[in-house]
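Structure data follow from target_34.cif (mmCIF, C-alpha atoms and all ligand atoms):
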```cif
data_query
#
loop_
_atom_site.group_PDB
_atom_site.id
_atom_site.type_symbol
_atom_site.label_atom_id
_atom_site.label_comp_id
_atom_site.auth_asym_id
_atom_site.auth_seq_id
_atom_site.Cartn_x
_atom_site.Cartn_y
_atom_site.Cartn_z
ATOM 1 C CA MET A 1 22.875 30.371 30.884
ATOM 2 C CA LYS A 2 20.339 27.970 32.361
ATOM 3 C CA SER A 3 21.450 24.640 33.786
ATOM 4 C CA GLY A 4 21.358 21.791 31.221
ATOM 5 C CA ALA A 5 18.342 19.536 30.979
ATOM 6 C CA SER A 6 20.538 16.525 31.737
ATOM 7 C CA GLU A 7 21.583 18.165 35.013
ATOM 8 C CA ARG A 8 17.950 18.555 35.965
ATOM 9 C CA ARG A 9 17.128 14.999 34.929
ATOM 10 C CA GLY A 10 20.288 13.435 36.324
ATOM 11 C CA CYS A 11 22.921 12.819 33.642
ATOM 12 C CA LYS A 12 22.848 9.186 32.473
ATOM 13 C CA PRO A 13 26.001 7.574 31.022
ATOM 14 C CA ASP A 14 24.304 7.333 27.612
ATOM 15 C CA HIS A 15 23.629 11.034 27.734
ATOM 16 C CA ARG A 16 27.203 11.849 28.554
ATOM 17 C CA ARG A 17 28.567 9.719 25.694
ATOM 18 C CA ILE A 18 26.120 11.233 23.216
ATOM 19 C CA ALA A 19 26.795 14.810 24.349
ATOM 20 C CA GLU A 20 30.531 14.203 23.974
ATOM 21 C CA GLU A 21 30.154 12.762 20.473
ATOM 22 C CA LEU A 22 27.887 15.618 19.429
ATOM 23 C CA ARG A 23 30.468 18.094 20.690
ATOM 24 C CA GLU A 24 33.415 16.275 19.075
ATOM 25 C CA ARG A 25 31.946 15.080 15.780
ATOM 26 C CA GLY A 26 28.464 16.605 15.487
ATOM 27 C CA PHE A 27 26.691 13.248 15.279
ATOM 28 C CA ALA A 28 26.189 10.136 17.423
ATOM 29 C CA VAL A 29 24.847 6.667 16.702
ATOM 30 C CA ILE A 30 22.470 5.097 19.207
ATOM 31 C CA ARG A 31 22.074 1.339 18.811
ATOM 32 C CA ASN A 32 18.736 -0.337 19.607
ATOM 33 C CA ALA A 33 17.014 2.886 20.620
ATOM 34 C CA LEU A 34 13.716 1.153 19.830
ATOM 35 C CA PRO A 35 12.853 -2.487 19.110
ATOM 36 C CA ALA A 36 13.348 -3.356 15.427
ATOM 37 C CA ALA A 37 9.795 -4.770 15.456
ATOM 38 C CA THR A 38 8.380 -1.337 16.384
ATOM 39 C CA ILE A 39 10.207 0.288 13.480
ATOM 40 C CA ALA A 40 9.058 -2.528 11.171
ATOM 41 C CA GLN A 41 5.460 -1.768 12.182
ATOM 42 C CA LEU A 42 6.046 1.955 11.606
ATOM 43 C CA ALA A 43 7.566 1.224 8.181
ATOM 44 C CA ASN A 44 4.504 -0.874 7.405
ATOM 45 C CA ASP A 45 2.189 2.022 8.337
ATOM 46 C CA LEU A 46 4.175 4.363 6.093
ATOM 47 C CA ARG A 47 4.401 2.021 3.090
ATOM 48 C CA PRO A 48 1.081 3.068 1.468
ATOM 49 C CA HIS A 49 1.995 6.721 1.956
ATOM 50 C CA PHE A 50 5.353 6.268 0.228
ATOM 51 C CA ALA A 51 3.555 4.431 -2.580
ATOM 52 C CA ARG A 52 1.151 7.348 -3.124
ATOM 53 C CA THR A 53 3.702 10.151 -2.697
ATOM 54 C CA PRO A 54 5.169 11.525 -5.937
ATOM 55 C CA PHE A 55 8.917 11.968 -6.389
ATOM 56 C CA GLY A 56 10.345 15.275 -5.191
ATOM 57 C CA GLU A 57 10.791 18.399 -7.238
ATOM 58 C CA GLY A 58 14.067 20.253 -7.205
ATOM 59 C CA ALA A 59 17.708 19.310 -6.907
ATOM 60 C CA PHE A 60 17.911 19.570 -3.110
ATOM 61 C CA TYR A 61 14.980 17.353 -2.195
ATOM 62 C CA GLY A 62 15.931 15.001 -5.041
ATOM 63 C CA ARG A 63 14.012 13.867 -8.088
ATOM 64 C CA ARG A 64 14.341 10.154 -7.263
ATOM 65 C CA THR A 65 13.415 10.742 -3.631
ATOM 66 C CA LYS A 66 9.992 10.712 -1.994
ATOM 67 C CA ARG A 67 9.261 12.783 1.092
ATOM 68 C CA PHE A 68 6.224 13.409 3.200
ATOM 69 C CA GLY A 69 5.488 15.002 6.554
ATOM 70 C CA ARG A 70 2.614 15.030 9.076
ATOM 71 C CA LEU A 71 3.889 11.747 10.479
ATOM 72 C CA LEU A 72 1.718 12.010 13.587
ATOM 73 C CA LEU A 73 -1.247 11.367 11.292
ATOM 74 C CA ARG A 74 0.388 8.554 9.347
ATOM 75 C CA SER A 75 1.135 6.041 12.096
ATOM 76 C CA SER A 76 -0.186 5.489 15.604
ATOM 77 C CA LEU A 77 3.445 4.796 16.599
ATOM 78 C CA ALA A 78 4.645 8.256 15.573
ATOM 79 C CA PRO A 79 3.717 10.059 18.843
ATOM 80 C CA ALA A 80 5.989 7.698 20.798
ATOM 81 C CA LEU A 81 8.750 8.176 18.235
ATOM 82 C CA VAL A 82 8.719 11.984 18.396
ATOM 83 C CA GLN A 83 8.530 11.888 22.210
ATOM 84 C CA HIS A 84 11.319 9.308 22.615
ATOM 85 C CA GLU A 85 12.725 10.052 26.067
ATOM 86 C CA LEU A 86 16.422 9.825 25.216
ATOM 87 C CA MET A 87 16.124 11.867 21.997
ATOM 88 C CA THR A 88 13.999 14.638 23.510
ATOM 89 C CA SER A 89 16.196 14.890 26.581
ATOM 90 C CA VAL A 90 19.406 15.074 24.530
ATOM 91 C CA ALA A 91 17.773 17.734 22.324
ATOM 92 C CA ALA A 92 16.625 19.674 25.397
ATOM 93 C CA ASP A 93 20.091 19.455 26.842
ATOM 94 C CA GLN A 94 21.637 20.924 23.695
ATOM 95 C CA LEU A 95 19.021 23.628 23.083
ATOM 96 C CA GLU A 96 17.366 24.660 26.336
ATOM 97 C CA PRO A 97 20.313 26.806 27.403
ATOM 98 C CA PHE A 98 19.024 29.110 24.630
ATOM 99 C CA CYS A 99 15.247 28.783 24.930
ATOM 100 C CA ASP A 100 12.476 28.021 27.415
ATOM 101 C CA CYS A 101 11.539 24.761 25.743
ATOM 102 C CA ILE A 102 12.309 22.779 22.611
ATOM 103 C CA GLN A 103 9.691 22.256 19.901
ATOM 104 C CA LEU A 104 9.129 19.809 17.082
ATOM 105 C CA ASN A 105 10.769 21.285 14.007
ATOM 106 C CA THR A 106 9.824 18.657 11.495
ATOM 107 C CA THR A 107 8.762 15.079 10.896
ATOM 108 C CA GLN A 108 9.737 13.837 7.462
ATOM 109 C CA ALA A 109 9.795 10.384 5.916
ATOM 110 C CA ILE A 110 12.437 10.104 3.173
ATOM 111 C CA GLU A 111 12.704 7.302 0.618
ATOM 112 C CA ILE A 112 15.693 7.465 -1.711
ATOM 113 C CA HIS A 113 15.265 5.370 -4.832
ATOM 114 C CA PRO A 114 17.967 3.603 -6.856
ATOM 115 C CA GLY A 115 19.806 5.962 -9.170
ATOM 116 C CA GLU A 116 19.467 9.059 -6.956
ATOM 117 C CA PRO A 117 22.831 10.880 -6.892
ATOM 118 C CA ARG A 118 24.213 12.131 -3.583
ATOM 119 C CA GLN A 119 22.601 15.232 -2.136
ATOM 120 C CA LEU A 120 24.321 18.598 -1.802
ATOM 121 C CA PRO A 121 26.231 18.543 1.503
ATOM 122 C CA HIS A 122 24.559 21.027 3.829
ATOM 123 C CA ARG A 123 23.939 22.073 7.392
ATOM 124 C CA ASP A 124 20.260 21.911 8.320
ATOM 125 C CA ASP A 125 20.540 25.089 10.424
ATOM 126 C CA GLY A 126 21.290 26.900 7.143
ATOM 127 C CA MET A 127 17.493 27.227 6.795
ATOM 128 C CA TRP A 128 17.622 30.075 9.315
ATOM 129 C CA PRO A 129 19.503 33.158 8.091
ATOM 130 C CA MET A 130 21.510 33.667 11.272
ATOM 131 C CA PRO A 131 25.213 34.292 11.850
ATOM 132 C CA ARG A 132 26.852 30.907 12.240
ATOM 133 C CA GLY A 133 28.292 29.624 15.506
ATOM 134 C CA LEU A 134 26.194 31.712 17.915
ATOM 135 C CA MET A 135 24.284 28.745 19.306
ATOM 136 C CA GLU A 136 22.919 25.365 18.285
ATOM 137 C CA CYS A 137 19.404 25.754 16.840
ATOM 138 C CA LEU A 138 18.485 22.206 15.939
ATOM 139 C CA VAL A 139 18.943 18.561 16.891
ATOM 140 C CA ASN A 140 17.840 15.969 14.331
ATOM 141 C CA VAL A 141 17.258 12.279 14.722
ATOM 142 C CA MET A 142 17.464 9.989 11.697
ATOM 143 C CA TRP A 143 15.557 6.753 12.243
ATOM 144 C CA PRO A 144 16.412 4.232 9.495
ATOM 145 C CA LEU A 145 13.466 2.209 8.189
ATOM 146 C CA THR A 146 15.804 0.101 6.043
ATOM 147 C CA PRO A 147 19.524 -0.633 6.567
ATOM 148 C CA PHE A 148 21.712 2.406 5.828
ATOM 149 C CA ARG A 149 24.975 1.619 4.047
ATOM 150 C CA ARG A 150 27.379 3.710 1.999
ATOM 151 C CA HIS A 151 26.271 2.119 -1.270
ATOM 152 C CA ASN A 152 22.514 2.479 -0.764
ATOM 153 C CA GLY A 153 22.193 6.166 0.137
ATOM 154 C CA GLY A 154 23.011 5.990 3.858
ATOM 155 C CA THR A 155 23.431 9.505 5.247
ATOM 156 C CA LEU A 156 26.982 10.922 4.980
ATOM 157 C CA PHE A 157 28.426 13.014 7.829
ATOM 158 C CA TRP A 158 31.533 15.151 7.854
ATOM 159 C CA PRO A 159 32.921 15.153 11.413
ATOM 160 C CA LYS A 160 33.093 18.698 12.754
ATOM 161 C CA ARG A 161 36.844 19.246 12.626
ATOM 162 C CA GLU A 162 37.309 17.758 9.163
ATOM 163 C CA ALA A 163 34.315 19.477 7.568
ATOM 164 C CA PRO A 164 35.334 21.841 4.764
ATOM 165 C CA LEU A 165 33.978 25.387 4.930
ATOM 166 C CA SER A 166 32.505 25.208 1.473
ATOM 167 C CA PRO A 167 29.939 22.379 1.277
ATOM 168 C CA ILE A 168 30.448 21.965 -2.462
ATOM 169 C CA ASP A 169 34.068 20.874 -1.769
ATOM 170 C CA ALA A 170 33.048 18.227 0.747
ATOM 171 C CA ASP A 171 34.615 15.005 -0.465
ATOM 172 C CA PRO A 172 32.291 11.992 -0.003
ATOM 173 C CA SER A 173 35.294 9.725 0.609
ATOM 174 C CA SER A 174 36.155 11.741 3.741
ATOM 175 C CA ALA A 175 32.587 11.457 5.054
ATOM 176 C CA VAL A 176 31.460 8.894 7.596
ATOM 177 C CA ALA A 177 28.484 6.762 6.534
ATOM 178 C CA PRO A 178 27.242 5.161 9.760
ATOM 179 C CA GLU A 179 25.986 1.635 9.192
ATOM 180 C CA VAL A 180 22.670 1.575 11.003
ATOM 181 C CA ASP A 181 19.656 -0.718 10.954
ATOM 182 C CA PRO A 182 16.005 -0.288 11.869
ATOM 183 C CA GLY A 183 15.825 0.327 15.636
ATOM 184 C CA ASP A 184 19.087 2.314 15.651
ATOM 185 C CA ALA A 185 19.125 6.107 15.418
ATOM 186 C CA ILE A 186 21.589 8.789 14.364
ATOM 187 C CA LEU A 187 21.444 12.032 16.319
ATOM 188 C CA PHE A 188 23.030 15.055 14.662
ATOM 189 C CA LEU A 189 23.268 18.761 15.268
ATOM 190 C CA GLY A 190 21.840 21.375 12.910
ATOM 191 C CA SER A 191 25.403 22.654 12.415
ATOM 192 C CA THR A 192 26.738 19.279 11.223
ATOM 193 C CA LEU A 193 27.644 18.982 7.556
ATOM 194 C CA HIS A 194 25.837 16.005 6.051
ATOM 195 C CA SER A 195 23.959 14.785 3.005
ATOM 196 C CA ALA A 196 21.950 11.857 1.768
ATOM 197 C CA GLY A 197 24.296 9.482 -0.056
ATOM 198 C CA ALA A 198 23.926 8.215 -3.626
ATOM 199 C CA ASN A 199 21.765 5.133 -3.905
ATOM 200 C CA ARG A 200 23.753 2.684 -6.038
ATOM 201 C CA SER A 201 21.722 -0.313 -4.891
ATOM 202 C CA LEU A 202 18.627 -1.851 -6.435
ATOM 203 C CA GLN A 203 16.337 -1.102 -3.474
ATOM 204 C CA PRO A 204 14.975 2.139 -2.007
ATOM 205 C CA ARG A 205 16.574 3.380 1.210
ATOM 206 C CA ALA A 206 14.036 4.810 3.675
ATOM 207 C CA GLY A 207 14.298 6.754 6.911
ATOM 208 C CA ILE A 208 12.494 9.224 9.127
ATOM 209 C CA VAL A 209 13.915 12.539 10.262
ATOM 210 C CA ILE A 210 12.514 13.970 13.475
ATOM 211 C CA GLY A 211 13.883 17.425 14.298
ATOM 212 C CA TYR A 212 13.770 19.459 17.510
ATOM 213 C CA SER A 213 14.557 23.153 17.453
ATOM 214 C CA LEU A 214 14.789 26.173 19.730
ATOM 215 C CA GLY A 215 11.268 26.922 20.940
ATOM 216 C CA TRP A 216 11.264 30.439 19.486
ATOM 217 C CA LEU A 217 12.290 29.633 15.908
ATOM 218 C CA ARG A 218 10.090 29.351 12.835
ATOM 219 C CA GLN A 219 9.481 25.614 12.351
ATOM 220 C CA HIS A 220 10.508 23.835 9.139
ATOM 221 C CA GLU A 221 7.200 21.982 9.007
ATOM 222 C CA ASN A 222 4.275 24.218 9.892
ATOM 223 C CA GLN A 223 2.935 22.286 12.853
ATOM 224 C CA PHE A 224 -0.247 24.375 13.141
ATOM 225 C CA LEU A 225 -1.259 23.509 9.566
ATOM 226 C CA ALA A 226 -0.066 19.912 9.879
ATOM 227 C CA TYR A 227 -2.084 19.505 13.097
ATOM 228 C CA ALA A 228 -4.817 22.128 13.132
ATOM 229 C CA PRO A 229 -6.685 22.736 16.418
ATOM 230 C CA GLU A 230 -9.447 20.190 15.571
ATOM 231 C CA THR A 231 -6.731 17.519 15.314
ATOM 232 C CA ALA A 232 -4.290 18.734 17.953
ATOM 233 C CA ARG A 233 -6.983 18.916 20.638
ATOM 234 C CA HIS A 234 -7.032 15.098 20.669
ATOM 235 C CA PHE A 235 -3.270 14.859 21.345
ATOM 236 C CA THR A 236 -1.857 14.612 24.862
ATOM 237 C CA PRO A 237 -0.871 17.899 26.547
ATOM 238 C CA ALA A 238 2.820 16.943 26.281
ATOM 239 C CA LEU A 239 2.527 16.364 22.537
ATOM 240 C CA ARG A 240 0.610 19.620 22.012
ATOM 241 C CA ASP A 241 3.344 21.427 23.912
ATOM 242 C CA LEU A 242 6.023 19.865 21.721
ATOM 243 C CA LEU A 243 4.175 20.995 18.574
ATOM 244 C CA GLY A 244 4.176 24.571 19.862
ATOM 245 C CA TYR A 245 0.667 24.889 21.251
ATOM 246 C CA ARG A 246 2.161 26.777 24.178
ATOM 247 C CA ILE A 247 3.591 30.188 24.734
ATOM 248 C CA HIS A 248 7.307 30.771 24.503
ATOM 249 C CA ARG A 249 8.110 33.595 26.895
ATOM 250 C CA PRO A 250 7.854 36.501 26.414
ATOM 251 C CA ASN A 251 4.408 36.266 24.828
ATOM 252 C CA LEU A 252 5.677 34.551 21.677
ATOM 253 C CA GLY A 253 3.259 32.514 19.569
ATOM 254 C CA CYS A 254 0.287 33.940 21.417
ATOM 255 C CA PHE A 255 -3.355 33.661 20.453
ATOM 256 C CA GLU A 256 -5.489 36.607 21.589
ATOM 257 C CA GLY A 257 -2.612 37.577 23.867
ATOM 258 C CA ARG A 258 -2.694 34.172 25.590
ATOM 259 C CA SER A 259 -1.268 30.707 25.151
ATOM 260 C CA PRO A 260 -2.117 29.179 21.747
ATOM 261 C CA ALA A 261 -3.482 26.218 23.757
ATOM 262 C CA GLU A 262 -6.589 28.422 24.190
ATOM 263 C CA ALA A 263 -7.330 27.814 20.510
ATOM 264 C CA LEU A 264 -7.796 24.105 21.261
ATOM 265 C CA GLN A 265 -10.995 24.657 23.229
ATOM 266 C CA PRO A 266 -14.003 23.150 21.435
ATOM 267 C CA VAL A 267 -15.930 26.404 21.872
ATOM 268 C CA LEU A 268 -13.905 29.564 21.676
ATOM 269 C CA PRO A 269 -14.980 32.697 23.533
ATOM 270 C CA ASP A 270 -15.132 35.736 21.222
ATOM 271 C CA HIS A 271 -13.102 37.824 23.615
ATOM 272 C CA LEU A 272 -10.303 36.885 26.002
ATOM 273 C CA ALA A 273 -8.148 38.821 28.459
ATOM 274 C CA ALA A 274 -4.592 39.188 27.212
ATOM 275 C CA LYS A 275 -2.192 37.751 29.806
ATOM 276 C CA ASP A 276 1.492 38.482 30.399
ATOM 277 C CA GLU A 277 3.789 35.490 29.841
ATOM 278 C CA ILE A 278 7.152 36.985 30.631
ATOM 279 C CA ILE A 279 10.637 36.018 31.708
ATOM 280 C CA ARG A 280 11.816 36.660 35.251
ATOM 281 C CA SER A 281 14.062 39.649 34.462
ATOM 282 C CA HIS A 282 11.171 41.374 32.663
ATOM 283 C CA ALA A 283 8.852 40.590 35.597
ATOM 284 C CA GLU A 284 11.310 42.143 38.061
ATOM 285 C CA LEU A 285 11.682 45.225 35.896
ATOM 286 C CA LEU A 286 7.917 45.497 35.559
ATOM 287 C CA GLU A 287 7.424 45.336 39.315
ATOM 288 C CA ILE A 288 9.857 48.190 39.949
ATOM 289 C CA PHE A 289 8.361 50.169 37.107
ATOM 290 C CA ALA A 290 4.765 49.571 38.247
ATOM 291 C CA GLN A 291 5.559 50.980 41.720
ATOM 292 C CA ARG A 292 7.127 54.065 40.152
ATOM 293 C CA ALA A 293 4.252 54.592 37.723
ATOM 294 C CA GLY A 294 1.750 54.072 40.590
ATOM 295 C CA ARG A 295 3.444 56.750 42.712
ATOM 296 C CA GLU A 296 3.442 59.150 39.759
ATOM 297 C CA LEU A 297 -0.298 58.622 39.409
ATOM 298 C CA GLU A 298 -0.909 59.317 43.136
ATOM 299 C CA THR A 299 1.160 62.535 43.161
ATOM 300 C CA ALA A 300 -0.194 63.821 39.846
HETATM 301 O O1 LIG B 401 17.930 11.302 3.887
HETATM 302 C C1 LIG B 401 19.043 11.577 4.321
HETATM 303 O O2 LIG B 401 19.933 10.754 4.485
HETATM 304 C C2 LIG B 401 19.370 13.009 4.698
HETATM 305 C C3 LIG B 401 18.483 14.010 4.060
HETATM 306 C C4 LIG B 401 18.812 15.392 4.478
HETATM 307 O O3 LIG B 401 19.786 15.642 5.105
HETATM 308 C C5 LIG B 401 17.902 16.502 4.164
HETATM 309 O O4 LIG B 401 17.055 16.363 3.272
HETATM 310 O O5 LIG B 401 18.042 17.583 4.788
HETATM 311 FE FE FE B 402 19.748 17.602 5.936
#
```

Rewrite the structure of this file - the entire thing - as structure tokens.
Amino acid sequence: MKSGASERRGCKPDHRRIAEELRERGFAVIRNALPAATIAQLANDLRPHFARTPFGEGAFYGRRTKRFGRLLLRSSLAPALVQHELMTSVAADQLEPFCDCIQLNTTQAIEIHPGEPRQLPHRDDGMWPMPRGLMECLVNVMWPLTPFRRHNGGTLFWPKREAPLSPIDADPSSAVAPEVDPGDAILFLGSTLHSAGANRSLQPRAGIVIGYSLGWLRQHENQFLAYAPETARHFTPALRDLLGYRIHRPNLGCFEGRSPAEALQPVLPDHLAAKDEIIRSHAELLEIFAQRAGRELETA
């Protein structure tokens, strides 16, 4: 296992508290992670998009709930949100033992309207058909755009130890509904049982989910369609990397056998040399093998 990202960055007290809460309960509240005024501005940028977005289709997404993605195109504040230092470093700390680098899994704005019943309790890592418990795949951050309370659809979390095996049996009265306000954030693991609560109030409840996943997994939101090369080429290198415009060793996500960042060039060559992007153990094996194969060629 690789050393944790927090070790490399120097573990801050905040980090330690969050890591402990994630391990113990599966979720952690971070107060004042961003100024409330920044989130108010973000909410303002998203308002016309919520207004134009139709209600969802299907019982999981909710028929009195509006959702949209591609948040990096919807607000000039979104790049800073998805690259929030504390959130990305906690996510890296949780996930980078199992991958080279984390990636953006999704950006989704969610507005739950009055009268929406509570959502099916679920674990977000259920989207990948993998045996459970092998490793964490996902770290999500919920950024409330309005206050989250139990009565208005605030997200419900079942702390790890108390979570029932069957989600359908999860009793809402045994769930925690963190009371958070714009500027606060709730970090939660992909393995944490949770759901949107019922909105019994007279106002919509809105929030943004930003997810970070293992760098080699299929992303929930297709980042290469959301931000095609013509768009992504104008992002910073760090943001392009986070979207997945980089190779995940060995050679995963390649374009013409090279990093997908090649596809961001304004003029693409018709032909490119494929280039190894491999992990150290493969490189060592290859070196030994290459010597052997070379000798065979000389003596043949
Ligand atoms: O909006 C919420 O509170 C949570 C929504 C959720 O968990 C989901 O749609 O996966
Ligand atoms: Fe969820």

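Using all atoms listed in the file for every distance, the candidate list A:Gly253, A:Gly126, A:Gly244, A:Pro54 yields A:Gly126 as the residue closest to ligand FE 402 (chain B).
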
Would you list the residues that come within 7 Å of ligand LIG 401 (chain B)? Count only C-alpha atoms and all ligand atoms and give the answer as JSON, numbers by chain. {"A": [61, 110, 124, 153, 154, 155, 194, 195, 196, 197, 207]}

Just the selected residues (C-alpha atoms), exported as a short mmCIF file (atom, residue, chain, number, x, y, z; two decimals), in the frame of the given file, please.
```
data_model
loop_
_atom_site.label_atom_id
_atom_site.label_comp_id
_atom_site.auth_asym_id
_atom_site.auth_seq_id
_atom_site.Cartn_x
_atom_site.Cartn_y
_atom_site.Cartn_z
CA TYR A 61 14.98 17.35 -2.19
CA ILE A 110 12.44 10.10 3.17
CA ASP A 124 20.26 21.91 8.32
CA GLY A 153 22.19 6.17 0.14
CA GLY A 154 23.01 5.99 3.86
CA THR A 155 23.43 9.51 5.25
CA HIS A 194 25.84 16.00 6.05
CA SER A 195 23.96 14.78 3.00
CA ALA A 196 21.95 11.86 1.77
CA GLY A 197 24.30 9.48 -0.06
CA GLY A 207 14.30 6.75 6.91
#
```

Resolved residues for the PyMOL selection byres (((chain A and resi 62) around 10) and not hetatm) as a CSV table (one decimal) with C-alpha atoms, in the frame of the given file:
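The result, written out as expr.csv:
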```csv
chain,number,residue,atom,x,y,z
A,55,PHE,CA,8.9,12.0,-6.4
A,56,GLY,CA,10.3,15.3,-5.2
A,57,GLU,CA,10.8,18.4,-7.2
A,58,GLY,CA,14.1,20.3,-7.2
A,59,ALA,CA,17.7,19.3,-6.9
A,60,PHE,CA,17.9,19.6,-3.1
A,61,TYR,CA,15.0,17.4,-2.2
A,63,ARG,CA,14.0,13.9,-8.1
A,64,ARG,CA,14.3,10.2,-7.3
A,65,THR,CA,13.4,10.7,-3.6
A,66,LYS,CA,10.0,10.7,-2.0
A,67,ARG,CA,9.3,12.8,1.1
A,112,ILE,CA,15.7,7.5,-1.7
A,113,HIS,CA,15.3,5.4,-4.8
A,116,GLU,CA,19.5,9.1,-7.0
A,117,PRO,CA,22.8,10.9,-6.9
A,118,ARG,CA,24.2,12.1,-3.6
A,119,GLN,CA,22.6,15.2,-2.1
A,120,LEU,CA,24.3,18.6,-1.8
A,196,ALA,CA,22.0,11.9,1.8
```

On this file, the PyMOL selection byres (((chain A and resi 234-243) around 8) and not hetatm) gives some set of residues; write that set as a VMD selection string. chain A and resid 79 83 102 to 104 223 to 224 230 to 233 244 to 246 261

Can you measure atom CA of Thr88 of chain A to atom CA of His15 of chain A for me? One decimal in Å is fine. 11.1 Å

Step by step, work through what the PyMOL selection byres (((chain A and resi 193) around 12) and not hetatm) selects in the shown file, and finish by giving those residues as a PyMOL selection string. chain A and resi 25-27+119-126+155-172+174-176+188-192+194-196

Residues within 12 Å of Pro35 of chain A, all atoms listed in the file, excluding chain neighbours under 3 positions, as a list in words: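 Contacts, with the query itself left out: Arg31, Asn32, Thr38, Ile39, Ala40, Gln41, Leu42, Leu81, Trp143, Leu145, Asp181, Pro182, Gly183, Asp184 and Ala185 of chain A.
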
What is the distance between atom CA of Val180 of chain A and atom CA of Thr53 of chain A, in Å to one decimal?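 Atom CA of Thr53 of chain A lies 24.9 Å from atom CA of Val180 of chain A.
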
Of the residues A:Leu202, A:Cys137, A:Ile278, A:Met142, which is the one nearest to ligand FE 402 (chain B), using only C-alpha atoms and all ligand atoms? A:Met142

Restricting the calculation to all atoms listed in the file, which member of A:Asp276, A:Val209, A:Phe148, A:Tyr227 is positioned closest to ligand FE 402 (chain B)? A:Val209

Excluding Ser75 of chain A and its own-chain neighbours fewer than 4 positions away, which residues fall within 7 Å of it when counting only C-alpha atoms? Please give them as an mmCIF file with C-alpha atoms, in the frame of the given file.
```
data_model
loop_
_atom_site.group_PDB
_atom_site.id
_atom_site.type_symbol
_atom_site.label_atom_id
_atom_site.label_comp_id
_atom_site.auth_asym_id
_atom_site.auth_seq_id
_atom_site.Cartn_x
_atom_site.Cartn_y
_atom_site.Cartn_z
ATOM 1 C CA LEU A 42 6.046 1.955 11.606
ATOM 2 C CA ASP A 45 2.189 2.022 8.337
ATOM 3 C CA LEU A 46 4.175 4.363 6.093
ATOM 4 C CA LEU A 71 3.889 11.747 10.479
#
```

Using all atoms listed in the file for the distances, tell me which of A:Ala206, A:Trp128, A:Ser173, A:Ile186 is nearest to Glu21 of chain A. A:Ile186

With only C-alpha atoms as the basis for distance, which of A:Leu214, A:Leu34, A:Glu298, A:Ala28 is at the shortest distance from Ala80 of chain A? A:Leu34

Test item: axis-aligned box, all listed atoms of segment 150-158 of chain A, 6 Å on each side, centre and edges in Å rounded to one decimal, as JSON:
```
{"center_x": 26.9, "center_y": 8.6, "center_z": 3.3, "size_x": 21.3, "size_y": 25.0, "size_z": 21.1}
```

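Atom CA of Ala109 of chain A is positioned 6.3 Å from atom CA of Gly69 of chain A.
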
So, counting only C-alpha atoms and all ligand atoms, which residue among A:Val139, A:Ala273, A:Ala92, A:Ala78 is closest to ligand FE 402 (chain B)? A:Val139

Show me, as number ranges by chain, the residues that have an atom within 9 Å of Pro229 of chain A when counting only C-alpha atoms, minus same-chain residues fewer than 6 positions from it. A: 261, 263-266

Using the structure block above, produce a file of segment 258-290 of chain A that contains C-alpha atoms, as a CSV table (one decimal), in the first residue's frame.
```csv
chain,number,residue,atom,x,y,z
A,258,ARG,CA,-0.6,8.2,-25.1
A,259,SER,CA,-2.0,10.4,-22.4
A,260,PRO,CA,-5.6,11.7,-23.3
A,261,ALA,CA,-4.1,15.2,-22.7
A,262,GLU,CA,-2.8,14.8,-26.3
A,263,ALA,CA,-6.3,15.2,-27.5
A,264,LEU,CA,-6.4,18.7,-26.1
A,265,GLN,CA,-3.9,20.1,-28.6
A,266,PRO,CA,-5.6,22.5,-31.0
A,267,VAL,CA,-4.1,20.7,-34.0
A,268,LEU,CA,-3.9,17.0,-33.7
A,269,PRO,CA,-1.2,15.0,-35.6
A,270,ASP,CA,-2.7,12.1,-37.6
A,271,HIS,CA,-0.2,9.7,-36.2
A,272,LEU,CA,1.5,9.5,-32.8
A,273,ALA,CA,4.0,7.1,-31.2
A,274,ALA,CA,2.4,4.9,-28.6
A,275,LYS,CA,4.2,5.4,-25.2
A,276,ASP,CA,4.4,3.1,-22.2
A,277,GLU,CA,2.9,4.5,-19.1
A,278,ILE,CA,3.5,1.7,-16.6
A,279,ILE,CA,3.8,1.1,-12.9
A,280,ARG,CA,7.2,0.4,-11.3
A,281,SER,CA,6.8,-3.3,-10.9
A,282,HIS,CA,5.9,-3.7,-14.6
A,283,ALA,CA,8.9,-1.5,-15.6
A,284,GLU,CA,11.3,-3.7,-13.5
A,285,LEU,CA,9.8,-6.9,-15.1
A,286,LEU,CA,10.1,-5.3,-18.5
A,287,GLU,CA,13.8,-4.4,-18.0
A,288,ILE,CA,14.7,-8.0,-17.0
A,289,PHE,CA,12.6,-9.4,-19.9
A,290,ALA,CA,14.1,-7.0,-22.4
```
